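*Asks:* Data file run_31.pdb (PDB, C-alpha atoms, pLDDT in the B column) is appended below.
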ATOM      1  CA  MET A  24     -43.336  62.251 -72.510  1.00 50.00           C
ATOM      2  CA  ALA A  25     -44.198  64.749 -75.249  1.00 48.00           C
ATOM      3  CA  LYS A  26     -43.891  67.636 -72.776  1.00 49.00           C
ATOM      4  CA  PHE A  27     -40.447  66.370 -71.705  1.00 47.00           C
ATOM      5  CA  VAL A  28     -39.217  66.216 -75.343  1.00 43.00           C
ATOM      6  CA  ILE A  29     -40.483  69.733 -76.055  1.00 44.00           C
ATOM      7  CA  LEU A  30     -38.892  71.071 -72.853  1.00 42.00           C
ATOM      8  CA  SER A  31     -35.557  69.417 -73.709  1.00 50.00           C
ATOM      9  CA  PHE A  32     -35.708  70.896 -77.207  1.00 44.00           C
ATOM     10  CA  LEU A  33     -36.392  74.405 -75.870  1.00 44.00           C
ATOM     11  CA  ILE A  34     -33.509  74.177 -73.366  1.00 44.00           C
ATOM     12  CA  SER A  35     -31.116  73.031 -76.118  1.00 46.00           C
ATOM     13  CA  LEU A  36     -32.276  75.831 -78.402  1.00 43.00           C
ATOM     14  CA  ASN A  37     -31.825  78.382 -75.601  1.00 44.00           C
ATOM     15  CA  ILE A  38     -28.237  77.220 -74.901  1.00 38.00           C
ATOM     16  CA  LEU A  39     -27.325  77.386 -78.600  1.00 41.00           C
ATOM     17  CA  SER A  40     -28.703  80.904 -78.909  1.00 40.00           C
ATOM     18  CA  PHE A  41     -26.136  82.330 -76.451  1.00 39.00           C
ATOM     19  CA  PRO A  42     -22.621  82.882 -77.848  1.00 37.00           C
ATOM     20  CA  SER A  43     -19.655  81.621 -75.908  1.00 38.00           C
ATOM     21  CA  PRO A  44     -18.400  84.424 -73.613  1.00 40.00           C
ATOM     22  CA  GLY A  45     -14.826  83.685 -74.637  1.00 42.00           C
ATOM     23  CA  LEU A  46     -15.637  84.622 -78.246  1.00 38.00           C
ATOM     24  CA  ALA A  47     -17.080  88.065 -77.446  1.00 52.00           C
ATOM     25  CA  ILE A  48     -15.022  90.896 -78.957  1.00 68.00           C
ATOM     26  CA  SER A  49     -15.635  94.439 -77.682  1.00 64.00           C
ATOM     27  CA  SER A  50     -15.239  97.697 -79.572  1.00 67.00           C
ATOM     28  CA  CYS A  51     -14.581 101.181 -78.109  1.00 68.00           C
ATOM     29  CA  ASN A  52     -15.580 101.452 -74.431  1.00 67.00           C
ATOM     30  CA  GLY A  53     -16.861  97.868 -74.470  1.00 71.00           C
ATOM     31  CA  PRO A  54     -16.209  95.594 -71.467  1.00 76.00           C
ATOM     32  CA  CYS A  55     -12.988  93.575 -71.379  1.00 75.00           C
ATOM     33  CA  GLN A  56     -10.783  91.520 -69.093  1.00 73.00           C
ATOM     34  CA  THR A  57      -7.829  90.590 -71.351  1.00 71.00           C
ATOM     35  CA  LEU A  58      -6.130  92.062 -74.423  1.00 62.00           C
ATOM     36  CA  ASN A  59      -7.890  89.475 -76.594  1.00 69.00           C
ATOM     37  CA  ASP A  60     -11.300  90.851 -75.590  1.00 72.00           C
ATOM     38  CA  CYS A  61     -10.782  94.042 -77.642  1.00 73.00           C
ATOM     39  CA  ASP A  62     -11.223  94.506 -81.367  1.00 66.00           C
ATOM     40  CA  GLY A  63      -8.391  95.455 -83.736  1.00 64.00           C
ATOM     41  CA  GLN A  64      -5.730  97.758 -82.269  1.00 59.00           C
ATOM     42  CA  LEU A  65      -7.673  98.537 -79.094  1.00 66.00           C
ATOM     43  CA  ILE A  66      -6.328  97.686 -75.634  1.00 71.00           C
ATOM     44  CA  CYS A  67      -8.061  96.800 -72.375  1.00 73.00           C
ATOM     45  CA  ILE A  68      -7.663  99.718 -69.927  1.00 71.00           C
ATOM     46  CA  GLY A  69      -9.626  99.878 -66.696  1.00 64.00           C
ATOM     47  CA  GLY A  70     -12.014  97.138 -67.826  1.00 71.00           C
ATOM     48  CA  LYS A  71     -12.927  98.933 -71.078  1.00 70.00           C
ATOM     49  CA  CYS A  72     -11.548  98.711 -74.613  1.00 72.00           C
ATOM     50  CA  ASN A  73      -9.789 101.911 -75.614  1.00 71.00           C
ATOM     51  CA  ASP A  74      -7.030 103.343 -77.817  1.00 65.00           C
ATOM     52  CA  ASP A  75      -3.576 101.824 -77.316  1.00 63.00           C
ATOM     53  CA  PRO A  76      -1.120 104.537 -76.090  1.00 57.00           C
ATOM     54  CA  ASP A  77       1.797 102.475 -77.419  1.00 50.00           C
ATOM     55  CA  LEU A  78       0.408 102.539 -80.959  1.00 50.00           C
ATOM     56  CA  GLY A  79      -0.953 106.077 -80.757  1.00 50.00           C
ATOM     57  CA  THR A  80      -4.319 104.943 -82.113  1.00 50.00           C
ATOM     58  CA  HIS A  81      -7.259 107.354 -82.062  1.00 53.00           C
ATOM     59  CA  ILE A  82     -10.059 104.968 -83.011  1.00 53.00           C
ATOM     60  CA  CYS A  83     -12.065 105.862 -79.914  1.00 60.00           C
ATOM     61  CA  GLY A  84     -11.285 109.576 -80.127  1.00 48.00           C
ATOM     62  CA  GLY A  85     -14.895 110.490 -80.799  1.00 35.00           C
ATOM     63  CA  SER A  86     -16.170 108.838 -77.631  1.00 32.00           C
ATOM     64  CA  SER A  87     -13.262 109.930 -75.437  1.00 32.00           C
ATOM     65  CA  PRO A  88     -11.978 113.257 -76.778  1.00 30.00           C
ATOM     66  CA  SER A  89     -10.098 114.384 -73.694  1.00 31.00           C
ATOM     67  CA  GLY A  90      -7.782 111.437 -73.247  1.00 33.00           C
ATOM     68  CA  PRO A  91      -7.228 107.695 -73.423  1.00 35.00           C
ATOM     69  CA  SER A  92      -9.093 107.024 -70.197  1.00 36.00           C
ATOM     70  CA  PRO A  93     -11.318 109.004 -67.818  1.00 35.00           C
ATOM     71  CA  GLN A  94      -9.741 110.092 -64.530  1.00 41.00           C
ATOM     72  CA  GLY A  95     -11.648 107.559 -62.459  1.00 44.00           C
ATOM     73  CA  ASN A  96     -10.722 104.635 -64.688  1.00 62.00           C
ATOM     74  CA  CYS A  97      -6.983 105.275 -64.864  1.00 82.00           C
ATOM     75  CA  SER A  98      -6.011 102.424 -62.587  1.00 81.00           C
ATOM     76  CA  PRO A  99      -2.562 100.833 -62.155  1.00 83.00           C
ATOM     77  CA  THR A 100      -1.796  97.899 -64.417  1.00 77.00           C
ATOM     78  CA  GLY A 101       0.782  96.399 -62.051  1.00 77.00           C
ATOM     79  CA  SER A 102       3.777  97.373 -59.939  1.00 76.00           C
ATOM     80  CA  MET A 103       7.565  97.319 -60.031  1.00 67.00           C
ATOM     81  CA  THR A 104      10.193  97.330 -57.279  1.00 74.00           C
ATOM     82  CA  CYS A 105      13.727  98.649 -57.562  1.00 71.00           C
ATOM     83  CA  SER A 106      16.152  99.963 -54.931  1.00 70.00           C
ATOM     84  CA  GLY A 107      13.635  98.962 -52.282  1.00 73.00           C
ATOM     85  CA  GLU A 108      10.912 101.230 -53.722  1.00 72.00           C
ATOM     86  CA  THR A 109       7.707  99.773 -55.130  1.00 75.00           C
ATOM     87  CA  LYS A 110       5.810 101.896 -57.643  1.00 74.00           C
ATOM     88  CA  PRO A 111       2.554 101.217 -59.523  1.00 79.00           C
ATOM     89  CA  THR A 112       2.750 101.040 -63.318  1.00 84.00           C
ATOM     90  CA  TYR A 113       0.273 102.733 -65.669  1.00 86.00           C
ATOM     91  CA  THR A 114      -0.604 102.794 -69.355  1.00 87.00           C
ATOM     92  CA  CYS A 115      -2.944 105.779 -68.967  1.00 88.00           C
ATOM     93  CA  SER A 116      -2.874 109.329 -67.596  1.00 92.00           C
ATOM     94  CA  PRO A 117      -5.605 111.751 -66.468  1.00 92.00           C
ATOM     95  CA  PRO A 118      -7.532 113.496 -69.267  1.00 91.00           C
ATOM     96  CA  VAL A 119      -5.855 116.458 -70.975  1.00 92.00           C
ATOM     97  CA  THR A 120      -7.829 119.694 -70.542  1.00 91.00           C
ATOM     98  CA  SER A 121      -7.145 123.415 -70.890  1.00 93.00           C
ATOM     99  CA  SER A 122      -5.624 123.264 -67.396  1.00 94.00           C
ATOM    100  CA  THR A 123      -4.359 119.758 -66.710  1.00 95.00           C
ATOM    101  CA  ALA A 124      -3.067 119.182 -63.179  1.00 96.00           C
ATOM    102  CA  ALA A 125       0.417 117.639 -63.121  1.00 96.00           C
ATOM    103  CA  ILE A 126       3.629 117.301 -61.156  1.00 96.00           C
ATOM    104  CA  LEU A 127       6.680 119.004 -62.638  1.00 97.00           C
ATOM    105  CA  THR A 128       9.894 117.055 -62.080  1.00 95.00           C
ATOM    106  CA  LEU A 129      13.474 117.798 -63.120  1.00 94.00           C
ATOM    107  CA  ASN A 130      15.196 115.790 -65.836  1.00 89.00           C
ATOM    108  CA  ASP A 131      18.725 115.864 -67.264  1.00 88.00           C
ATOM    109  CA  PHE A 132      18.325 115.237 -70.994  1.00 85.00           C
ATOM    110  CA  ASP A 133      22.056 115.433 -71.771  1.00 83.00           C
ATOM    111  CA  VAL A 134      24.537 112.574 -72.218  1.00 76.00           C
ATOM    112  CA  GLY A 135      25.027 110.735 -68.919  1.00 62.00           C
ATOM    113  CA  GLY A 136      22.036 112.458 -67.336  1.00 60.00           C
ATOM    114  CA  ASP A 137      19.281 110.879 -65.295  1.00 61.00           C
ATOM    115  CA  GLY A 138      17.128 110.678 -68.393  1.00 54.00           C
ATOM    116  CA  GLY A 139      19.003 107.504 -69.328  1.00 60.00           C
ATOM    117  CA  ALA A 140      18.902 106.778 -73.052  1.00 70.00           C
ATOM    118  CA  GLU A 141      18.402 109.238 -75.901  1.00 80.00           C
ATOM    119  CA  SER A 142      15.025 110.967 -76.213  1.00 84.00           C
ATOM    120  CA  GLU A 143      12.440 108.719 -77.832  1.00 88.00           C
ATOM    121  CA  CYS A 144      11.060 111.332 -80.205  1.00 92.00           C
ATOM    122  CA  ASP A 145      14.262 111.940 -82.162  1.00 88.00           C
ATOM    123  CA  GLY A 146      16.848 109.476 -80.819  1.00 88.00           C
ATOM    124  CA  GLN A 147      19.073 112.327 -79.624  1.00 89.00           C
ATOM    125  CA  TYR A 148      20.358 113.805 -76.387  1.00 84.00           C
ATOM    126  CA  HIS A 149      19.442 117.413 -75.635  1.00 91.00           C
ATOM    127  CA  LYS A 150      21.079 120.315 -73.844  1.00 91.00           C
ATOM    128  CA  ASN A 151      19.345 121.313 -70.630  1.00 91.00           C
ATOM    129  CA  SER A 152      19.359 124.908 -71.852  1.00 94.00           C
ATOM    130  CA  GLU A 153      16.515 123.859 -74.191  1.00 95.00           C
ATOM    131  CA  ARG A 154      12.946 124.231 -72.951  1.00 96.00           C
ATOM    132  CA  ILE A 155      11.939 120.589 -73.345  1.00 93.00           C
ATOM    133  CA  VAL A 156       9.875 118.003 -71.482  1.00 96.00           C
ATOM    134  CA  ALA A 157       9.068 114.317 -71.237  1.00 94.00           C
ATOM    135  CA  LEU A 158       5.441 113.327 -70.578  1.00 96.00           C
ATOM    136  CA  SER A 159       4.008 110.360 -68.680  1.00 94.00           C
ATOM    137  CA  THR A 160       3.107 107.391 -70.887  1.00 93.00           C
ATOM    138  CA  GLY A 161      -0.600 108.197 -71.231  1.00 94.00           C
ATOM    139  CA  TRP A 162       0.049 111.840 -72.137  1.00 95.00           C
ATOM    140  CA  TYR A 163       2.933 110.872 -74.436  1.00 93.00           C
ATOM    141  CA  ALA A 164       0.273 108.882 -76.317  1.00 92.00           C
ATOM    142  CA  GLY A 165       2.583 106.616 -78.254  1.00 91.00           C
ATOM    143  CA  GLY A 166       4.619 109.562 -79.518  1.00 94.00           C
ATOM    144  CA  SER A 167       1.702 111.468 -81.019  1.00 94.00           C
ATOM    145  CA  ARG A 168       2.754 114.576 -79.045  1.00 96.00           C
ATOM    146  CA  CYS A 169       6.409 114.401 -80.151  1.00 96.00           C
ATOM    147  CA  GLY A 170       7.700 117.791 -81.299  1.00 96.00           C
ATOM    148  CA  LYS A 171       4.549 119.577 -80.145  1.00 96.00           C
ATOM    149  CA  MET A 172       4.581 122.527 -77.772  1.00 97.00           C
ATOM    150  CA  ILE A 173       2.815 122.550 -74.432  1.00 98.00           C
ATOM    151  CA  ARG A 174       2.257 125.434 -72.018  1.00 98.00           C
ATOM    152  CA  ILE A 175       3.181 124.887 -68.375  1.00 98.00           C
ATOM    153  CA  THR A 176       1.911 127.219 -65.644  1.00 98.00           C
ATOM    154  CA  ALA A 177       3.261 127.330 -62.092  1.00 97.00           C
ATOM    155  CA  SER A 178       1.361 128.367 -58.964  1.00 96.00           C
ATOM    156  CA  ASN A 179       3.338 131.648 -58.958  1.00 96.00           C
ATOM    157  CA  GLY A 180       1.495 132.629 -62.140  1.00 96.00           C
ATOM    158  CA  ARG A 181       4.480 132.281 -64.476  1.00 97.00           C
ATOM    159  CA  SER A 182       4.155 130.124 -67.580  1.00 97.00           C
ATOM    160  CA  VAL A 183       6.437 128.791 -70.300  1.00 98.00           C
ATOM    161  CA  THR A 184       6.111 126.820 -73.512  1.00 98.00           C
ATOM    162  CA  ALA A 185       8.226 123.708 -73.963  1.00 98.00           C
ATOM    163  CA  LYS A 186       8.668 121.041 -76.625  1.00 96.00           C
ATOM    164  CA  VAL A 187       7.835 117.377 -76.039  1.00 96.00           C
ATOM    165  CA  VAL A 188      10.897 115.258 -76.839  1.00 94.00           C
ATOM    166  CA  ASP A 189      10.525 112.139 -74.709  1.00 93.00           C
ATOM    167  CA  GLU A 190       8.335 109.780 -72.694  1.00 92.00           C
ATOM    168  CA  CYS A 191       8.444 109.601 -68.915  1.00 90.00           C
ATOM    169  CA  ASP A 192       7.807 105.852 -68.880  1.00 89.00           C
ATOM    170  CA  SER A 193       4.995 104.901 -66.490  1.00 87.00           C
ATOM    171  CA  ARG A 194       5.176 101.192 -67.378  1.00 84.00           C
ATOM    172  CA  ASN A 195       8.874 100.309 -67.161  1.00 75.00           C
ATOM    173  CA  GLY A 196      11.974 101.240 -65.202  1.00 65.00           C
ATOM    174  CA  CYS A 197      14.752  99.970 -62.930  1.00 65.00           C
ATOM    175  CA  ASP A 198      17.105  99.265 -65.870  1.00 64.00           C
ATOM    176  CA  LYS A 199      19.946 100.999 -67.704  1.00 63.00           C
ATOM    177  CA  GLU A 200      17.615 102.456 -70.334  1.00 60.00           C
ATOM    178  CA  HIS A 201      15.710 104.242 -67.560  1.00 57.00           C
ATOM    179  CA  ALA A 202      18.852 105.168 -65.570  1.00 60.00           C
ATOM    180  CA  PHE A 203      17.832 102.524 -62.991  1.00 62.00           C
ATOM    181  CA  GLN A 204      14.938 104.711 -61.838  1.00 73.00           C
ATOM    182  CA  PRO A 205      11.454 103.393 -60.994  1.00 74.00           C
ATOM    183  CA  PRO A 206       8.527 103.985 -63.381  1.00 83.00           C
ATOM    184  CA  CYS A 207       7.153 107.526 -63.586  1.00 86.00           C
ATOM    185  CA  ASP A 208       3.868 108.439 -62.002  1.00 90.00           C
ATOM    186  CA  ASN A 209       1.088 108.881 -64.555  1.00 91.00           C
ATOM    187  CA  ASN A 210       0.805 112.662 -64.052  1.00 94.00           C
ATOM    188  CA  ILE A 211       4.373 113.830 -64.690  1.00 94.00           C
ATOM    189  CA  VAL A 212       5.739 116.655 -66.815  1.00 97.00           C
ATOM    190  CA  ASP A 213       9.494 116.034 -66.646  1.00 95.00           C
ATOM    191  CA  GLY A 214      11.167 119.344 -67.500  1.00 95.00           C
ATOM    192  CA  SER A 215      14.684 120.509 -68.257  1.00 95.00           C
ATOM    193  CA  SER A 216      16.562 123.057 -66.139  1.00 96.00           C
ATOM    194  CA  ALA A 217      15.550 125.733 -68.656  1.00 97.00           C
ATOM    195  CA  VAL A 218      11.862 125.034 -67.968  1.00 97.00           C
ATOM    196  CA  TRP A 219      12.346 125.310 -64.203  1.00 97.00           C
ATOM    197  CA  GLU A 220      14.336 128.518 -64.610  1.00 97.00           C
ATOM    198  CA  ALA A 221      11.716 130.112 -66.858  1.00 98.00           C
ATOM    199  CA  LEU A 222       9.046 129.320 -64.282  1.00 98.00           C
ATOM    200  CA  GLY A 223      11.139 130.812 -61.482  1.00 97.00           C
ATOM    201  CA  LEU A 224      11.160 127.535 -59.553  1.00 97.00           C
ATOM    202  CA  ASN A 225      13.802 126.087 -57.255  1.00 96.00           C
ATOM    203  CA  GLU A 226      15.253 122.902 -58.737  1.00 95.00           C
ATOM    204  CA  ASP A 227      16.041 121.605 -55.242  1.00 94.00           C
ATOM    205  CA  ASP A 228      12.299 121.184 -54.657  1.00 94.00           C
ATOM    206  CA  GLY A 229      12.332 118.284 -57.128  1.00 89.00           C
ATOM    207  CA  ARG A 230       8.549 117.963 -57.467  1.00 93.00           C
ATOM    208  CA  VAL A 231       6.211 120.925 -57.906  1.00 95.00           C
ATOM    209  CA  PRO A 232       2.482 121.008 -58.752  1.00 97.00           C
ATOM    210  CA  VAL A 233       1.738 122.758 -62.070  1.00 97.00           C
ATOM    211  CA  THR A 234      -0.896 122.782 -64.779  1.00 97.00           C
ATOM    212  CA  TRP A 235      -0.337 122.275 -68.497  1.00 97.00           C
ATOM    213  CA  SER A 236      -2.164 122.362 -71.817  1.00 96.00           C
ATOM    214  CA  MET A 237      -1.360 122.131 -75.499  1.00 95.00           C
ATOM    215  CA  ALA A 238       0.137 125.442 -76.621  1.00 91.00           C
TER     216      ALA A 238
END
For this file, produce the structure as structure tokens.
*Replies:*
Amino acid sequence: MAKFVILSFLISLNILSFPSPGLAISSCNGPCQTLNDCDGQLICIGGKCNDDPDLGTHICGGSSPSGPSPQGNCSPTGSMTCSGETKPTYTCSPPVTSSTAAILTLNDFDVGGDGGAESECDGQYHKNSERIVALSTGWYAGGSRCGKMIRITASNGRSVTAKVVDECDSRNGCDKEHAFQPPCDNNIVDGSSAVWEALGLNEDDGRVPVTWSMA
């Protein structure tokens, strides 16, 4: 009987010593399944707590200097269908390096253009004669790259600097604000006509592989 009481006591003590898994809060790079699993302003991306691109936080910058999420962990967060086309949605983009692989697309930043609403960075429309770009959500980083210059290099060896003025939304689309277009891929540099011209590229191609870096 004494052995049974001692065993019951030890089992009870062992159960009490383990915290409830629902109460566990993770910090940078800690495991997570929902938004509530991450501490403070962090967000759950690819099963790990990391900086929130929407808020532009850089709490985890020391442990992940090249971007909000490593290449292998930048997984879709969902999908969206419009005009019969289904696209994955993302909150992250590949890491930014000195030669970041991307797809250059063509955007009309002027009134009535396919860019939809005004540019997020300054709430204005822009002439397509300006060398300007919109970046995928992860690279836009909550607006932290607004007004900054990036250098884009084409496979023909030509390069150009352009100013970041907008986000190429990888999470939302198919509405008036996004000119009824599906969400952007997570590796897009959406450039004006002036950018394409400076790079000596044919706008009719629509999508061209390039590399980019901060200028």
*Asks:* Of the residues A:Thr100, A:Ser167, A:Ser152, A:Thr234, which is the one nearest to Thr120 (chain A), using all atoms listed in the file?
*Replies:*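 Counting all atoms listed in the file, the residue closest to Thr120 (chain A) is A:Thr234.
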*Asks:* What separation in Å, quoted to one decimal, exists between CA of Glu226 (chain A) and CA of Ser193 (chain A)?
*Replies:*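 These two atoms are separated by 22.1 Å.
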*Asks:* Which residues are close to Thr57 (chain A), i.e. within 9 Å by only C-alpha atoms, leaving aside same-chain residues fewer than 3 positions away? Reply as a count of residues only.
*Replies:* 5
*Asks:* Need the shell around Ser121 (chain A): protein/DNA/RNA residues with any atom at most 10 Å away, counting only C-alpha atoms. Skip same-chain ones fewer than 2 positions apart. Format as number ranges by chain?
*Replies:* A: 89, 119, 123-124, 174, 234-238
*Asks:* I'd like the contact shell of Val218 (chain A) - 9 Å cut-off, all atoms listed in the file, skipping same-chain residues fewer than 5 positions apart - returned as an NGL selection string.
*Replies:* :A and (129 or 151-156 or 175 or 183-185 or 223-224)
*Asks:* What is the distance between CA of Asn73 (chain A) and CA of Gly166 (chain A), in Å to one decimal?
*Replies:*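 For CA of Asn73 (chain A) relative to CA of Gly166 (chain A), the distance reads 16.8 Å.
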